[in-house]
Every structure is written in structure tokens, then in C-alpha cells.
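**Student:** The structure under discussion is supplied below as C-alpha cells; questions concerning it will follow.
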Amino acid sequence: VGEKQKKDAVLNVFHSVADSYDLMNDAMSLGIHRVWKDMFIKKMDPGPKTKLLDVAGGTGDIAFRFLDRVGKQALTTEDGASVTVFDINASMLKVGESRAEKLGHTQGISWVEGDAQDLPFEDNTFDCYTIAFGIRNVVKIDVALKEAYRVLKPGG
């Protein structure tokens, strides 16, 4: 499959399943994906000033766990913790933003549409970068990984 065809196919699939994506994950993993994500955030152990970029984070599962882990106080202080949910698919981001409102996650979170191969952020911006299962949908994985390294702070 060519690069453009893969990108278009991935966009179309996720546009079509955005509203049921979380339910599909529950069904396909028998809910185990929730345990994996909980363990993932526990292992990350973000602090009160951690800046996280969650690539392919669409519906916000990792972001919400991050916000819960750092706590509301860390989100309200100057230079406090924050998460940027970044996804190539506007439909997934829309679902995530709606979930955030329902869950009361209104501080410390932003939503950005774009391609993991061309991140619109300055060098050395984030302490942590996550992409999880989204890496399988990236057309040029090596380019996305170079971008990840670029936006991470030294030691991130």
C-alpha cells in the first residue's frame, strides 16, 4: 500500500469508528486495555510540572489518566502539569473533547490536530511523549520518531 493510500485509509477508518472506538477497545480487549493504560501512567509517574504530548491520543484515555494522576492543584499552578492530545483525526479529537467536558477535565489539557511526522511544536517542549498503539498507523515511523525526539526535552 502506498503512503497516501495508507494515510487516507487510516483517516477513513478512524473517522468511521470514532464514536464507538472506546467501546470497541473494551470488546476487543475484554477491558484489559484499561488496566494497561493505568499501569502505563503509573510507570510514567508524572510529576506536578510534567508536560505530556499524547500522540494519536484521540479519545483521551491516556490524557485523562495523566490528569487524574497529577491532580487538579498541579493543573492550576503557573508552569504546572499539562497534556496535549495530538491526533491526525478530527473526529477522534472531537470525541475526546466531548468526553473531557463530561469528565470535568477543563484545565491542563489541549487538543491539536496534526500529523505525527510533522509536529507543530518547538524543540525541547515536552517531558514525555506517548504514542502507544498509534505507531502502527504512522506512514513513516522513522520520521515520527525523529519528531518525537525533537520535541522532547533532554532526558525526556
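Chains: A, B, ... in order of the C-alpha cells. Residues: from 1 per chain. Ligands: from 1, in order shown.
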Find the spatial neighbours of Glu97 of chain A, counting only C-alpha atoms, within a cut-off of 10 Å - ignore same-chain residues fewer than 3 positions away - and output them as a ChimeraX atom specification.

**Tutor:** /A:58-60,85,91-94,100-103,105-106,109-111

**Student:** List the spatial neighbours of Lys72 of chain A as a list in words - criterion: any atom at most 10 Å away, only C-alpha atoms, same-chain residues fewer than 5 positions off excluded.

**Tutor:**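 Returned residues: Pro48, Leu67, Thr77, Gly80, Ala81, His105, Gln107 and Gly108 of chain A.
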
**Student:** Please provide as a list in words all residues within 12 Å of Phe133 of chain A, with the sequence filter that same-chain residues fewer than 2 positions apart are discarded (counting only C-alpha atoms).

**Tutor:** Asn25, His33, Trp36, Lys37, Asp54, Val55, Ala56, Gly57, Gly58, Ile62, Thr130, Ile131, Ile135, Arg136, Asn137 and Val138 of chain A

**Student:** What is the atom CA of Ser82 of chain A to atom CA of Val139 of chain A distance in Å?

**Tutor:** 27.7 Å

**Student:** Rank A:Thr84, A:Ser98, A:Asn89, A:Gln5 by their smallest atom-to-atom distance to Pro120 of chain A, using only C-alpha atoms, and report the top residue only.

**Tutor:**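 Going through A:Thr84, A:Ser98, A:Asn89, A:Gln5 one by one, the smallest distance to Pro120 of chain A is for A:Thr84.
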
**Student:** Which residue, A:Lys146, A:Thr125, A:Val1, A:Gln73, has the smallest gap to Leu52 of chain A when you use only C-alpha atoms?

**Tutor:**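 Among the listed residues, A:Thr125 lies closest to Leu52 of chain A.
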
**Student:** Leaving out Ile41 of chain A and any residue of its chain fewer than 6 positions from it, which residues lie within 10 Å of it when counting only C-alpha atoms, given as number ranges by chain?

**Tutor:** A: 62-63, 65-69

**Student:** Keeping N, CA, C and O atoms, export the residues of the selection given above as a compact mmCIF listing (two decimals), in the first residue's frame.

**Tutor:**
# COMPACT_ATOMS: atom_id res chain seq x y z
N ILE A 62 -5.42 8.13 27.74
CA ILE A 62 -4.14 8.35 28.43
C ILE A 62 -4.15 9.73 29.08
O ILE A 62 -3.74 9.89 30.24
N ALA A 63 -4.62 10.72 28.37
CA ALA A 63 -4.63 12.10 28.89
C ALA A 63 -5.44 12.20 30.18
O ALA A 63 -5.00 12.84 31.14
N ARG A 65 -6.13 9.88 32.37
CA ARG A 65 -5.41 9.20 33.45
C ARG A 65 -4.24 10.07 33.95
O ARG A 65 -3.97 10.13 35.14
N PHE A 66 -3.56 10.71 33.02
CA PHE A 66 -2.47 11.62 33.37
C PHE A 66 -3.01 12.75 34.26
O PHE A 66 -2.43 13.05 35.30
N LEU A 67 -4.09 13.38 33.84
CA LEU A 67 -4.67 14.49 34.60
C LEU A 67 -5.08 14.05 36.00
O LEU A 67 -4.84 14.76 36.98
N ASP A 68 -5.68 12.88 36.09
CA ASP A 68 -6.08 12.35 37.40
C ASP A 68 -4.86 12.09 38.27
O ASP A 68 -4.87 12.36 39.47
N ARG A 69 -3.81 11.60 37.66
CA ARG A 69 -2.60 11.25 38.42
C ARG A 69 -1.89 12.50 38.97
O ARG A 69 -1.45 12.50 40.11

**Student:** Where does DSSP see helix (DSSP H, G or I) in segment 65-117 of chain A, if you list the residues as a list in words?

**Tutor:**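 The helix (DSSP H, G or I) residues within segment 65-117 of chain A come out as Arg65, Phe66, Leu67, Asp68, Arg69, Val70, Lys72, Gln73, Ala74, Leu75, Thr76, Ala90, Ser91, Met92, Leu93, Lys94, Val95, Gly96, Glu97, Ser98, Arg99, Ala100, Glu101, Lys102 and Leu103 of chain A.
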
**Student:** For those residues, write C-alpha atoms to a file as a PDB file, in the first residue's frame.

**Tutor:**
ATOM      1  CA  ARG A  65      -5.410   9.198  33.453  1.00  0.00           C
ATOM      2  CA  PHE A  66      -2.474  11.619  33.366  1.00  0.00           C
ATOM      3  CA  LEU A  67      -4.666  14.487  34.601  1.00  0.00           C
ATOM      4  CA  ASP A  68      -6.080  12.353  37.396  1.00  0.00           C
ATOM      5  CA  ARG A  69      -2.597  11.250  38.419  1.00  0.00           C
ATOM      6  CA  VAL A  70      -1.034  14.741  38.620  1.00  0.00           C
ATOM      7  CA  LYS A  72      -6.043  19.376  39.988  1.00  0.00           C
ATOM      8  CA  GLN A  73      -3.615  21.507  42.004  1.00  0.00           C
ATOM      9  CA  ALA A  74      -0.791  20.744  39.548  1.00  0.00           C
ATOM     10  CA  LEU A  75      -3.018  21.883  36.689  1.00  0.00           C
ATOM     11  CA  THR A  76      -3.852  25.268  38.182  1.00  0.00           C
ATOM     12  CA  ALA A  90     -10.506  15.414  13.863  1.00  0.00           C
ATOM     13  CA  SER A  91     -13.362  13.001  14.625  1.00  0.00           C
ATOM     14  CA  MET A  92     -11.350  11.240  17.325  1.00  0.00           C
ATOM     15  CA  LEU A  93     -10.358  14.585  18.864  1.00  0.00           C
ATOM     16  CA  LYS A  94     -13.990  15.709  18.862  1.00  0.00           C
ATOM     17  CA  VAL A  95     -14.984  12.581  20.809  1.00  0.00           C
ATOM     18  CA  GLY A  96     -12.112  13.175  23.226  1.00  0.00           C
ATOM     19  CA  GLU A  97     -13.056  16.804  23.824  1.00  0.00           C
ATOM     20  CA  SER A  98     -16.652  15.789  24.489  1.00  0.00           C
ATOM     21  CA  ARG A  99     -15.506  13.132  26.975  1.00  0.00           C
ATOM     22  CA  ALA A 100     -13.238  15.686  28.682  1.00  0.00           C
ATOM     23  CA  GLU A 101     -16.188  18.026  29.247  1.00  0.00           C
ATOM     24  CA  LYS A 102     -18.325  15.215  30.656  1.00  0.00           C
ATOM     25  CA  LEU A 103     -15.498  14.128  32.986  1.00  0.00           C
TER      26      LEU A 103
END

**Student:** Quick check, in Å to one decimal: how far apart do atom CA of Asp118 of chain A and atom CA of Val143 of chain A lie?

**Tutor:** 8.2 Å

**Student:** Can you list, as a ChimeraX atom specification, every residue of segment 2-155 of chain A that DSSP puts in strand (DSSP E or B)?

**Tutor:** /A:51-55,82-87,109-113,126,128-130,152

**Student:** Put those residues in a file: N, CA and C atoms, as a tab-separated table (two decimals), in the first residue's frame.

**Tutor:**
chain	number	residue	atom	x	y	z
A	51	LYS	N	5.02	17.96	31.39
A	51	LYS	CA	4.36	18.34	30.14
A	51	LYS	C	4.35	17.09	29.26
A	52	LEU	N	3.16	16.60	28.94
A	52	LEU	CA	2.99	15.37	28.17
A	52	LEU	C	2.42	15.68	26.80
A	53	LEU	N	3.00	15.06	25.78
A	53	LEU	CA	2.43	15.07	24.44
A	53	LEU	C	1.92	13.66	24.17
A	54	ASP	N	0.62	13.52	24.03
A	54	ASP	CA	-0.01	12.22	23.78
A	54	ASP	C	-0.42	12.15	22.32
A	55	VAL	N	0.46	11.57	21.50
A	55	VAL	CA	0.24	11.47	20.06
A	55	VAL	C	-0.68	10.29	19.76
A	82	SER	N	0.61	19.62	32.29
A	82	SER	CA	-0.36	19.74	31.21
A	82	SER	C	-0.17	18.60	30.23
A	83	VAL	N	-1.22	18.34	29.48
A	83	VAL	CA	-1.17	17.33	28.43
A	83	VAL	C	-1.73	17.93	27.15
A	84	THR	N	-1.04	17.64	26.06
A	84	THR	CA	-1.52	17.99	24.73
A	84	THR	C	-1.90	16.70	24.03
A	85	VAL	N	-3.18	16.57	23.70
A	85	VAL	CA	-3.65	15.42	22.95
A	85	VAL	C	-3.53	15.77	21.48
A	86	PHE	N	-2.77	14.98	20.75
A	86	PHE	CA	-2.44	15.26	19.36
A	86	PHE	C	-2.91	14.08	18.52
A	87	ASP	N	-3.66	14.35	17.46
A	87	ASP	CA	-4.18	13.27	16.63
A	87	ASP	C	-4.38	13.78	15.22
A	109	ILE	N	-5.34	20.70	29.68
A	109	ILE	CA	-5.46	19.83	28.52
A	109	ILE	C	-5.75	20.67	27.28
A	110	SER	N	-5.08	20.31	26.20
A	110	SER	CA	-5.35	20.96	24.91
A	110	SER	C	-5.44	19.88	23.84
A	111	TRP	N	-6.08	20.22	22.75
A	111	TRP	CA	-6.37	19.27	21.67
A	111	TRP	C	-5.83	19.86	20.36
A	112	VAL	N	-4.97	19.11	19.69
A	112	VAL	CA	-4.34	19.61	18.46
A	112	VAL	C	-4.43	18.55	17.38
A	113	GLU	N	-4.92	18.95	16.21
A	113	GLU	CA	-4.98	18.05	15.06
A	113	GLU	C	-3.70	18.20	14.24
A	126	PHE	N	8.44	19.10	25.55
A	126	PHE	CA	7.73	18.14	26.40
A	126	PHE	C	8.67	17.27	27.22
A	128	CYS	N	7.47	14.26	28.38
A	128	CYS	CA	7.07	12.91	27.99
A	128	CYS	C	6.34	12.95	26.66
A	129	TYR	N	6.53	11.89	25.90
A	129	TYR	CA	5.86	11.72	24.61
A	129	TYR	C	5.30	10.30	24.61
A	130	THR	N	4.02	10.17	24.32
A	130	THR	CA	3.42	8.84	24.20
A	130	THR	C	2.77	8.71	22.84
A	152	LEU	N	10.99	16.44	22.52
A	152	LEU	CA	11.26	16.07	23.90
A	152	LEU	C	12.39	16.90	24.48

**Student:** Nearest to Ala144 of chain A: which of A:Gly104, A:Gly114, A:Gly71, A:Pro46 is it, counting only C-alpha atoms?

**Tutor:**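 Closest to Ala144 of chain A, using only C-alpha atoms: A:Gly114.
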
**Student:** If you count only C-alpha atoms, which residues fall within 9 Å of Pro154 of chain A, apart from same-chain ones fewer than 5 positions away, as a tab-separated table (two decimals) with C-alpha atoms, in the first residue's frame?

**Tutor:**
chain	number	residue	atom	x	y	z
A	124	ASN	CA	12.55	20.61	23.68
A	127	ASP	CA	8.92	15.98	29.27
A	149	TYR	CA	12.96	13.12	19.86

**Student:** Asp123 of chain A: which residues within 8 Å, counting only C-alpha atoms, same-chain residues fewer than 6 positions away excluded, as a PyMOL selection string?

**Tutor:** chain A and resi 150-153
